[in-house]
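First up is the structure itself, then whatever we jot down about it.
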Amino acid sequence: MDANSAVLTATAIGKRFPGVVALSDVDLTMSAGEVHALVGENGAGKSTLIKVLTGVYAPDAGTLRYRDSVVEFGRPMDAQQAGISTVYQEVNLVPLQSVASNLFLGREPRGRFGLIDFRAMNTAARALLDSYGVRVDVTRPLRTLGMGVQQMVAVARAAATSARVVILDEPTSSLEPREVDTLFGIVERLRADGVAVLYVSHRLDELYRICDRVTVLRDGRLVHSGPMADLPRLKLVAMMLGRDLEEVRRDGATKFEGERTAAQDEPVLAATGLTSKHRLDGVNVTVRPGEIVGLGGLLGAGRSETAMAIAGALPLDSGTVTVGGKRLRTGSVAVAMRAGVVLLPEDRKADGILPDLSVRENIVLAALPRLSRAGVVSRRRQDAIVATFMKRLRIKASSQHQRVGDLSGGNQQKVLLARLLCMQPKVLLLDEPTRGIDVGAKAEVQSLVDELAAEGLGVVLISSEFDEVIEGADAIVVLREGRVVAELHGADVNEAALLTALAEERADD
Amino acid sequence: MTTVATAEEQSVASGRLTGRERLASLAQRRGSIVVLALVVLIASFSFDSFATVGNAQNIAIQSSFLAIVALGMTFVIIAGGIDLSVGSVYALGGVLAAYGIQWGSLVGLLLPLVVCGAIGLLNGVLVAYGRLAPFIVTLATLLGARGLLLAITDEGSTTRLMPRDDWLTKLGQGTFLGLGLPVWITVILFAIGVVVLQRTGFGHSTLAVGGSREAATLMGLPVARNTMLLYLGSGLAAGLAGALAAAYSASGVTIVGEGLELEAIAAVVIGGTLLTGGAGTVGGTLAGVLLLRVIQNVINQIGTLSSHYQSVVSGAFLAVVVAVQAYLSRAYLRGGRR
Amino acid sequence: MTETLTRQNTRIWLRDNGVYAAIVVLVVYNLVFTDNFATVANLNTQLVQVAPILIVALGMALVIGTEGIDLSVGSVMAIAAAILPLYLGYGLLPAIGLALVAGAVCGLANGTLVAVVGIQPIVATLALLVGGRGLALVLADGQLKDIRNDELLNLGSGKALGIPYIVLIAAALAVLVFLLVRYTTFGRQLVAVGGNRSASALAGLPVRRVLMLTYVISGVLAAIAGIVATARLTASDPSAIGNLIELSAITAVVVGGTPLSGGRVRILGTVAGALLMQLITATLIKHNLPDSTAQIVQAAIIVLAVYLQRSRSGGRS
């Protein structure tokens with residue numbers, strides 16, 4: 001088979017939504033038997049591009065060619081039927097149904113009278129998964145299995161539907177290393193069968209291991225496209241961040257000042273032995289006043305879970321959290337907040353903002369009891385607090401009564417920060433504070449965090465942007481699968497050390 | 001360092017269900033049958049007049065009409081929806097049967113099916129294609145259907161009788177091997193229902209849609225079309241049940257059916273179908289219906305107890321069953337890491 | 001499927017203000033075409049009839065605001081109605097007090113099932129719907145009882161400043177609930193919990209407590225409606241009182257613009273919704289159109305209201 005025959009070609013694709021240009025003049029060519037990496041930071045346009053390729057969105061500009069003819073997919077079903085399969089990061093299978101059912105849903109083998117032949121289905125399912133090296137009881141409901149296995153079933157389903165194009169969106173985010181190997185085995189099979197694979201991930205190791213070509217997107221534009229082997233890692237990272245390599249080395253990629261004298265005071269937050277089944281195993285985090293501690297790790301390492309556990313949003317099997325020397329009852333957000341520990345959640349849309357309510361209402365949400373007397377909220381106190389924080393955080397809105405859902409991502413994030421700061425916290429747990437917001441707002445948030453630390457708050461910072469963690473943090477606790485694998489302090493807080501800590505093989509593998 | 005993996009970890013790793021998980025799943029699906037058997041057993045020993053052939057025939061025929069309605073409801077609930085209109089549609093079916101029989105039994109049977117089917121179709125279209133919440137849509141049809149019923153019966157004042165020698169009336173009143181014909185019809189329909197749910201692509205997709213509508217859509221299943229068909233089926237079932245009930249009593253009574261939808265939902269839930277959808281049992285619904293009717297019967301047997309206790313017990317039963325369902329659902333839901 | 005901006009704006013305007021527009025249209029129509037419409041007597045009659053529905057709808061609006069539903073309100077009315085005659089012998093206040101407590105207890109039961117046990121509101125309140133009326137009938141021995149307590153009868157038929165007490169009570173409650181939602185911590189927290197439960201939990205809100213209290217309030221309001229209806233009827237009739245009132249209440253709330261998906265509570269809209277439905281029924285009756293037409297019209301309006309409310313995702317409720 002001609003390994004270079006283009007299967008799916010996107011040319012000059014453009015897509016805009018009200019107020020934002022998601023894609024502009026993007027090209028992508030997928031060839032048979034080739035694994036193509038799609039790389040970019042959050043907000044680069046990766047998911048929009050995928051949705052255009054799979055018929056979820058219609059492009060505003062540009063053309064799609066599939067197997068030598070121009071196509072327009074009216075709905076996802078059209079793309080699927082044409083042979084383009086997608087495996088999403090969120091497992092899109094039916095949890096209550098068995099593994100075999102999920103594999104064959106919509107095309108179950110039939111027996112007598114046209115009824116489903118379960119024995120044949122189960123046998124075929126078992127054979128299919130065995131051929132991929134996945135050993136599991138196919139009659140089991142999907143939801144009783146680990147995320148990793150669920151992901152593999154999703155990939156197996158995509159592979160089995162004789163697709164010509166398979167798109168894998170962050171496929172390894174929930175996988176153990178052993179499962180990653182199995183997944184790569186499946187991808188190799190696909191490659192050998194002449195399938196064109198699009199591999200979306202930010203795990204550089206994996207990309208360099210399995211991909212033949214790479215396309216880099218940034219802010220909706222195409223930055224680079226070429227063979228994987230021709231692109232050194234540092235250059236790739238620089239392209240993703242949009243910084244000149246020399247600049248990165250010299251100035252730093254973020255607005256974090258970096259140099260902070262490590263306070264020798266008593267820690268404002270001491271979390272020890274945090275354990276929660278399947279999620280955390282004996283995690284320790286210590287933060288001193290004025291210190292920014294970064295939680296490093298890849299997706300699935302347990303960073304968000306650690307923050308949530310400290311904030312009381314995740315029940316713990318064991319472990320202690322001490323704030324200002326006083327021990328805290330775990331598992332209660334209200335208790336943690338009263339003690340001065342506040343959390344900025346990772347997903348502000350799902351867990352953060354109340355989009356239909358106003359800026360004012362969102363800001364005062366957590367502080368309502370403090371602003372009321374005898375159950376009635378004091379308008380005066382509300383006014384004061386809202387004015388203070390809108391000014392300090394430079395929240396851009398037509399007025400305090402504007403609907404939060406209409407604000408930009410950056411301003412929404414600031415509203416959430418205002419909400420937390422209303423509570424006069426001692427410890428700030430920030431989970432992806434600059435994710436999905438524009439450059440200007442990003443800089444403002446970074447400076448703000450620096451200011452807050454300088455004022456004596458303790459900060460725990462989670463960010464999937466290396467630069468933020470490296471430049472912002474005074475110390476980094478590196479997590480891997482729920483355990484602390486390394487702690488970096490002082491001069492060790494640099495990219496090389498972090499990458500090394502993240503990339504190291506597990507000792508007992 | 002390695003730690004000894006817990007039974008759960010082992011089970012997740014090996015892909016086999018633990019004993020506890022299996023037991024929980026079994027309890028969910030078959031619990032209602034066990035409870036029914038227990039109640040019947042206890043009642044037989046406690047009341048002389050309970051374990052008689054006559055009483056059994058009575059319970060059977062009284063259950064059959066609710067059962068047919070509940071069968072349609074089962075499928076709708078499994079797909080993640082709900083149909084509040086079945087009570088009104090049931091009454092409408094009865095009235096239409098009594099009305100249509102003047103042109104012969106065939107019309108007497110077809111008229112309710114066509115009209116009630118159309119109402120079910122309307123529900124289906126509004127829910128599946130209009131993307132409106134099933135709760136509200138079927139609430140509206142509940143009112144609309146009853147309005148229609150009032151309109152064709154002079155505001156509820158006309159009750160037509162059904163001639164006893166027409167075959168439709170005989171269908172409702174006849175017996176075979178001691179059990180009423182409607183009972184046999186119910187059994188046949190339920191048998192078909194079991195096969196459809198478990199062994200056909202349609203049943204499979206219904207389970208999938210209820211489990212995760214998004215996933216089902218992404219997998220290419222005809223979600224909208226199937227959803228619409230489910231509501232059509234529910235309307236047909238309610239209409240059929242109403243027609244048979246009218247035939248049984250040989251008259252199209254206008255005030256029946258109020259609250260029937262809630263009884264049907266209760267029966268379905270007690271039978272083990274998850275109200276949230278995605279998993280269910282047709283056989284369980286039958287057990288649920290029987291359980292409700294048996295309780296009613298038992299309370300009547302007690303005699304000294306007010307018949308109003310029947311609904312109190314049913315309500316309490318429902319609450320307990322659902323609480324247990326919620327607990328089981330959480331207890332054996334062990335997924336992977338977030 | 002994207003809507004054009006004008007279409008979306010029209011829909012939003014209709015959703016928020018349609019009910020008021022409809023009321024205006026109907027009032028005008030009646031002023032022109034209906035005899036005896038603009039009389040005090042007629043006004044009082046209509047308002048007295050709608051009062052119990054409105055009171056129940058207030059509680060329903062709160063529950064729906066939390067993305068829940070309370071199907072048991074009719075049965076709670078019946079329970080309250082059944083309790084009254086049993087304790088009137090001790091005085092009006094004790095009897096009313098006990099009826100209210102009963103309503104609160106029912107609400108607490110609902111709230112516990114929903115917030116603590118985690119059962120879906122439809123099913124949790126369904127259980128009380130099914131069992132509650134039976135309970136009421138057991139309490140009343142299945143009998144309809146005449147009310148002979150003068151104070152209660154006066155409450156039912158008396159007036160102050162020409163306005164029936166019943167209407168004053170309903171109006172006062174509407175104002176109270178309005179203030180509750182707008183200006184109290186509980187009210188703001190309720191709206192937040194309905195809008196985004198996980199965000200509210202992460203913001204430290206006492207979600208469980210808010211939910212439970214919401215159902216308790218709904219129960220108490222239903223009990224008040226039962227007392228008021230009994231006073232008007234001059235008899236305690238647990239078998240019929242409040243029958244299907246949950247449908248009327250839900251209709252009023254939905255038509256009034258409170259979305260079933262929670263997060264927004266429109267008390268003014270609920271009042272308008274209740275008035276509108278009453279107006280429709282009255283108009284149809286006055287023009288000798290049968291009950292059946294009224295019901296069909298009601299049904300069509302519900303569908304229209306929900307269509308206007310339509311959000312991007314589907315779901316059961």
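Lettering and numbering for the structure tokens are positional, with chains as A, B, ... in the shown order, residues counted from 1 in each chain, and ligands counted from 1 in the shown order.
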Please return, as a ChimeraX atom specification, all residues of chain A lying within 7 Å of chain B when only C-alpha atoms are considered.
/A:77,92-96,106,115-116,136-137,143-147,278-279
How about saving the chosen residues, N, CA and C atoms kept, as a tab-separated table (two decimals), in the first residue's frame?
chain	number	residue	atom	x	y	z
A	77	MET	N	-22.83	11.51	12.05
A	77	MET	CA	-23.13	10.19	11.50
A	77	MET	C	-22.56	10.04	10.10
A	92	ASN	N	-16.91	7.72	25.39
A	92	ASN	CA	-18.28	7.89	24.93
A	92	ASN	C	-18.92	6.57	24.64
A	93	LEU	N	-19.00	5.78	25.68
A	93	LEU	CA	-19.68	4.50	25.56
A	93	LEU	C	-20.82	4.47	26.56
A	94	VAL	N	-21.55	3.39	26.57
A	94	VAL	CA	-22.69	3.28	27.47
A	94	VAL	C	-22.27	2.51	28.71
A	95	PRO	N	-22.19	3.19	29.84
A	95	PRO	CA	-21.61	2.58	31.04
A	95	PRO	C	-22.36	1.36	31.56
A	96	LEU	N	-23.68	1.37	31.42
A	96	LEU	CA	-24.44	0.28	32.01
A	96	LEU	C	-24.42	-0.99	31.17
A	106	GLY	N	-25.21	-1.37	17.58
A	106	GLY	CA	-25.56	-0.88	16.26
A	106	GLY	C	-25.24	-1.87	15.18
A	115	LEU	N	-32.82	-12.23	15.66
A	115	LEU	CA	-32.55	-11.80	17.03
A	115	LEU	C	-31.05	-11.79	17.28
A	116	ILE	N	-30.65	-10.98	18.26
A	116	ILE	CA	-29.23	-10.86	18.57
A	116	ILE	C	-28.67	-12.18	19.09
A	136	VAL	N	-10.24	-9.17	29.36
A	136	VAL	CA	-11.29	-8.70	30.26
A	136	VAL	C	-12.55	-9.54	30.07
A	137	ASP	N	-13.39	-9.60	31.08
A	137	ASP	CA	-14.64	-10.34	30.98
A	137	ASP	C	-15.62	-9.50	30.18
A	143	ARG	N	-19.04	0.12	33.20
A	143	ARG	CA	-18.70	1.08	34.23
A	143	ARG	C	-18.00	0.45	35.42
A	144	THR	N	-18.03	-0.89	35.51
A	144	THR	CA	-17.35	-1.51	36.63
A	144	THR	C	-15.86	-1.69	36.37
A	145	LEU	N	-15.43	-1.29	35.21
A	145	LEU	CA	-14.02	-1.44	34.87
A	145	LEU	C	-13.28	-0.12	35.02
A	146	GLY	N	-11.97	-0.22	35.14
A	146	GLY	CA	-11.18	0.99	35.28
A	146	GLY	C	-11.24	1.84	34.02
A	147	MET	N	-10.96	3.13	34.18
A	147	MET	CA	-11.01	4.05	33.06
A	147	MET	C	-10.12	3.60	31.92
A	278	HIS	N	-7.77	4.52	45.03
A	278	HIS	CA	-7.67	4.64	43.57
A	278	HIS	C	-7.25	6.01	43.12
A	279	ARG	N	-7.08	6.95	44.04
A	279	ARG	CA	-6.76	8.29	43.56
A	279	ARG	C	-5.50	8.88	44.16
Which residues are close to Arg209 in chain C, i.e. within 10 Å by only C-alpha atoms, leaving aside same-chain residues fewer than 3 positions away? Reply as number ranges by chain.
C: 111-112, 115-116, 186, 190, 205-206, 212-214
Taking only C-alpha atoms into account, which residues of chain C are within 8 Å of chain B, as a ChimeraX atom specification?
/C:113,117-119,123-124,126-135,137-138,141-142,247,290-300,302-303,306-307,310,313-317
Go ahead and write the residues just picked, N, CA and C atoms, as a short mmCIF file (atom, residue, chain, number, x, y, z; two decimals), in the first residue's frame.
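Wrote it out as selection.cif, contents follow:
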data_model
loop_
_atom_site.label_atom_id
_atom_site.label_comp_id
_atom_site.auth_asym_id
_atom_site.auth_seq_id
_atom_site.Cartn_x
_atom_site.Cartn_y
_atom_site.Cartn_z
N LEU C 113 -35.32 12.40 51.46
CA LEU C 113 -35.17 11.42 50.39
C LEU C 113 -34.36 12.00 49.23
N VAL C 117 -30.74 10.81 50.86
CA VAL C 117 -30.68 9.48 50.26
C VAL C 117 -30.29 9.56 48.78
N GLY C 118 -30.61 10.70 48.17
CA GLY C 118 -30.17 10.89 46.79
C GLY C 118 -31.15 10.36 45.76
N ILE C 119 -32.41 10.24 46.13
CA ILE C 119 -33.42 9.77 45.18
C ILE C 119 -33.88 10.92 44.31
N VAL C 123 -39.49 10.66 41.89
CA VAL C 123 -39.85 9.44 42.59
C VAL C 123 -40.07 9.67 44.07
N ALA C 124 -39.21 10.48 44.67
CA ALA C 124 -39.33 10.72 46.11
C ALA C 124 -40.69 11.31 46.42
N LEU C 126 -43.24 11.28 44.49
CA LEU C 126 -44.27 10.37 43.99
C LEU C 126 -44.73 9.45 45.12
N ALA C 127 -43.76 9.00 45.90
CA ALA C 127 -44.10 8.10 47.00
C ALA C 127 -45.07 8.78 47.96
N LEU C 128 -44.80 10.05 48.26
CA LEU C 128 -45.69 10.75 49.18
C LEU C 128 -47.03 11.05 48.50
N LEU C 129 -47.00 11.29 47.21
CA LEU C 129 -48.23 11.51 46.48
C LEU C 129 -49.14 10.29 46.62
N VAL C 130 -48.56 9.14 46.38
CA VAL C 130 -49.33 7.91 46.44
C VAL C 130 -49.77 7.60 47.86
N GLY C 131 -48.82 7.71 48.78
CA GLY C 131 -49.13 7.32 50.16
C GLY C 131 -49.83 8.38 50.97
N GLY C 132 -49.59 9.63 50.62
CA GLY C 132 -50.09 10.73 51.45
C GLY C 132 -51.60 10.84 51.45
N ARG C 133 -52.17 10.68 50.27
CA ARG C 133 -53.62 10.82 50.24
C ARG C 133 -54.27 9.68 51.02
N GLY C 134 -53.69 8.52 50.89
CA GLY C 134 -54.21 7.40 51.68
C GLY C 134 -54.13 7.71 53.16
N LEU C 135 -52.99 8.28 53.54
CA LEU C 135 -52.80 8.64 54.94
C LEU C 135 -53.86 9.63 55.38
N LEU C 137 -56.81 10.04 54.16
CA LEU C 137 -58.11 9.36 54.25
C LEU C 137 -58.19 8.50 55.50
N VAL C 138 -57.08 7.92 55.87
CA VAL C 138 -57.06 7.13 57.10
C VAL C 138 -57.34 8.03 58.29
N ASP C 141 -60.88 8.88 58.37
CA ASP C 141 -61.81 7.75 58.28
C ASP C 141 -62.57 7.78 56.98
N GLY C 142 -61.97 8.35 55.97
CA GLY C 142 -62.60 8.38 54.66
C GLY C 142 -63.79 9.30 54.57
N LEU C 247 -50.50 19.52 38.95
CA LEU C 247 -50.43 19.86 37.54
C LEU C 247 -50.67 21.35 37.33
N PRO C 290 -66.94 24.12 26.88
CA PRO C 290 -66.88 23.05 27.88
C PRO C 290 -65.50 22.90 28.52
N ASP C 291 -65.52 22.20 29.63
CA ASP C 291 -64.29 21.86 30.34
C ASP C 291 -63.24 21.27 29.43
N SER C 292 -63.72 20.46 28.52
CA SER C 292 -62.77 19.75 27.66
C SER C 292 -61.92 20.73 26.88
N THR C 293 -62.57 21.75 26.37
CA THR C 293 -61.81 22.75 25.61
C THR C 293 -60.78 23.41 26.51
N ALA C 294 -61.22 23.72 27.73
CA ALA C 294 -60.30 24.37 28.66
C ALA C 294 -59.06 23.53 28.85
N GLN C 295 -59.27 22.23 29.00
CA GLN C 295 -58.12 21.38 29.24
C GLN C 295 -57.21 21.31 28.04
N ILE C 296 -57.81 21.24 26.88
CA ILE C 296 -56.97 21.15 25.68
C ILE C 296 -56.19 22.44 25.49
N VAL C 297 -56.86 23.55 25.77
CA VAL C 297 -56.15 24.83 25.66
C VAL C 297 -55.00 24.90 26.65
N GLN C 298 -55.29 24.48 27.87
CA GLN C 298 -54.23 24.44 28.89
C GLN C 298 -53.05 23.64 28.41
N ALA C 299 -53.36 22.47 27.83
CA ALA C 299 -52.29 21.60 27.36
C ALA C 299 -51.45 22.30 26.30
N ALA C 300 -52.12 22.95 25.37
CA ALA C 300 -51.38 23.62 24.31
C ALA C 300 -50.49 24.72 24.88
N ILE C 302 -49.12 24.86 27.83
CA ILE C 302 -47.95 24.29 28.50
C ILE C 302 -46.88 23.98 27.48
N VAL C 303 -47.30 23.34 26.38
CA VAL C 303 -46.30 22.97 25.37
C VAL C 303 -45.63 24.22 24.82
N VAL C 306 -43.12 25.64 27.31
CA VAL C 306 -41.90 24.85 27.39
C VAL C 306 -41.07 25.00 26.13
N TYR C 307 -41.75 25.10 25.01
CA TYR C 307 -41.03 25.29 23.76
C TYR C 307 -40.21 26.57 23.82
N ARG C 310 -37.07 26.26 25.84
CA ARG C 310 -36.20 25.18 25.39
C ARG C 310 -34.74 25.53 25.49
N SER C 313 -30.05 21.22 25.66
CA SER C 313 -30.02 19.79 25.93
C SER C 313 -31.39 19.28 26.30
N GLY C 314 -31.64 18.02 26.14
CA GLY C 314 -32.92 17.41 26.48
C GLY C 314 -32.88 16.90 27.89
N GLY C 315 -33.59 15.88 28.18
CA GLY C 315 -33.57 15.34 29.56
C GLY C 315 -34.98 15.10 30.04
N ARG C 316 -35.08 14.46 31.15
CA ARG C 316 -36.43 14.10 31.61
C ARG C 316 -37.15 15.31 32.15
N SER C 317 -36.48 16.09 32.97
CA SER C 317 -37.22 17.19 33.61
C SER C 317 -36.31 18.36 33.82
#
Could you tell me which residues of chain C sit within 6 Å of chain A when counting only C-alpha atoms, and give me the result as number ranges by chain?
C: 183-185, 198-199, 203-204
Which of range 119-319 of chain A DSSP labels helix (DSSP H, G or I), written as a PyMOL selection string
chain A and resi 119-131+142-144+147-160+177-192+204-210+228-230+233-241+245-251+303-310
Need to verify the contact set: Gly74 in chain A, 12 Å, only C-alpha atoms, exclusion of same-chain residues closer than 6 positions in sequence. Can you return it as a ChimeraX atom specification?
/A:51-59,80-82 /C:1
Grab the CA of Tyr231 in chain B to CA of Val76 in chain B distance for me, in Å with one decimal place.
6.5 Å
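Interatomic distance, CA of Ala154 in chain A against CA of Arg435 in chain A: 27.3 Å.
Close contacts of range 11-16 of chain C, defined as residues with an atom at most 6 Å away when counting only C-alpha atoms, with chain neighbours fewer than 2 positions off set aside, comprise Gln8, Asn9, Gly18, Gly257 and Leu308 of chain C.
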Based on DSSP run over this structure's backbone, return all residues of range 58-233 of chain C in strand (DSSP E), as a list of chain:residue names.
C:Lys145, C:Asp146, C:Lys159, C:Ala160, C:Ile163, C:Pro164
Store the residues picked out above in a file with N, CA and C atoms, as a PDB file, in the first residue's frame.
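Contents of again-v5.pdb, as written:
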ATOM      1  N   LYS C 145     -65.996  15.960  56.312  1.00  0.00           N
ATOM      2  CA  LYS C 145     -66.512  16.511  57.569  1.00  0.00           C
ATOM      3  C   LYS C 145     -66.840  17.984  57.402  1.00  0.00           C
ATOM      4  N   ASP C 146     -68.002  18.373  57.848  1.00  0.00           N
ATOM      5  CA  ASP C 146     -68.353  19.788  57.803  1.00  0.00           C
ATOM      6  C   ASP C 146     -67.554  20.571  58.837  1.00  0.00           C
ATOM      7  N   LYS C 159     -64.043  39.120  54.621  1.00  0.00           N
ATOM      8  CA  LYS C 159     -63.270  40.070  53.829  1.00  0.00           C
ATOM      9  C   LYS C 159     -62.688  41.155  54.723  1.00  0.00           C
ATOM     10  N   ALA C 160     -61.619  41.765  54.239  1.00  0.00           N
ATOM     11  CA  ALA C 160     -61.092  42.967  54.888  1.00  0.00           C
ATOM     12  C   ALA C 160     -60.915  44.007  53.799  1.00  0.00           C
ATOM     13  N   ILE C 163     -61.630  42.901  50.322  1.00  0.00           N
ATOM     14  CA  ILE C 163     -60.856  41.813  49.715  1.00  0.00           C
ATOM     15  C   ILE C 163     -60.959  40.588  50.614  1.00  0.00           C
ATOM     16  N   PRO C 164     -61.274  39.442  50.027  1.00  0.00           N
ATOM     17  CA  PRO C 164     -61.396  38.225  50.843  1.00  0.00           C
ATOM     18  C   PRO C 164     -60.087  37.903  51.553  1.00  0.00           C
TER      19      PRO C 164
END
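With CA of Ser69 in chain A on one side and CA of Val214 in chain A on the other, the separation reads 24.0 Å.
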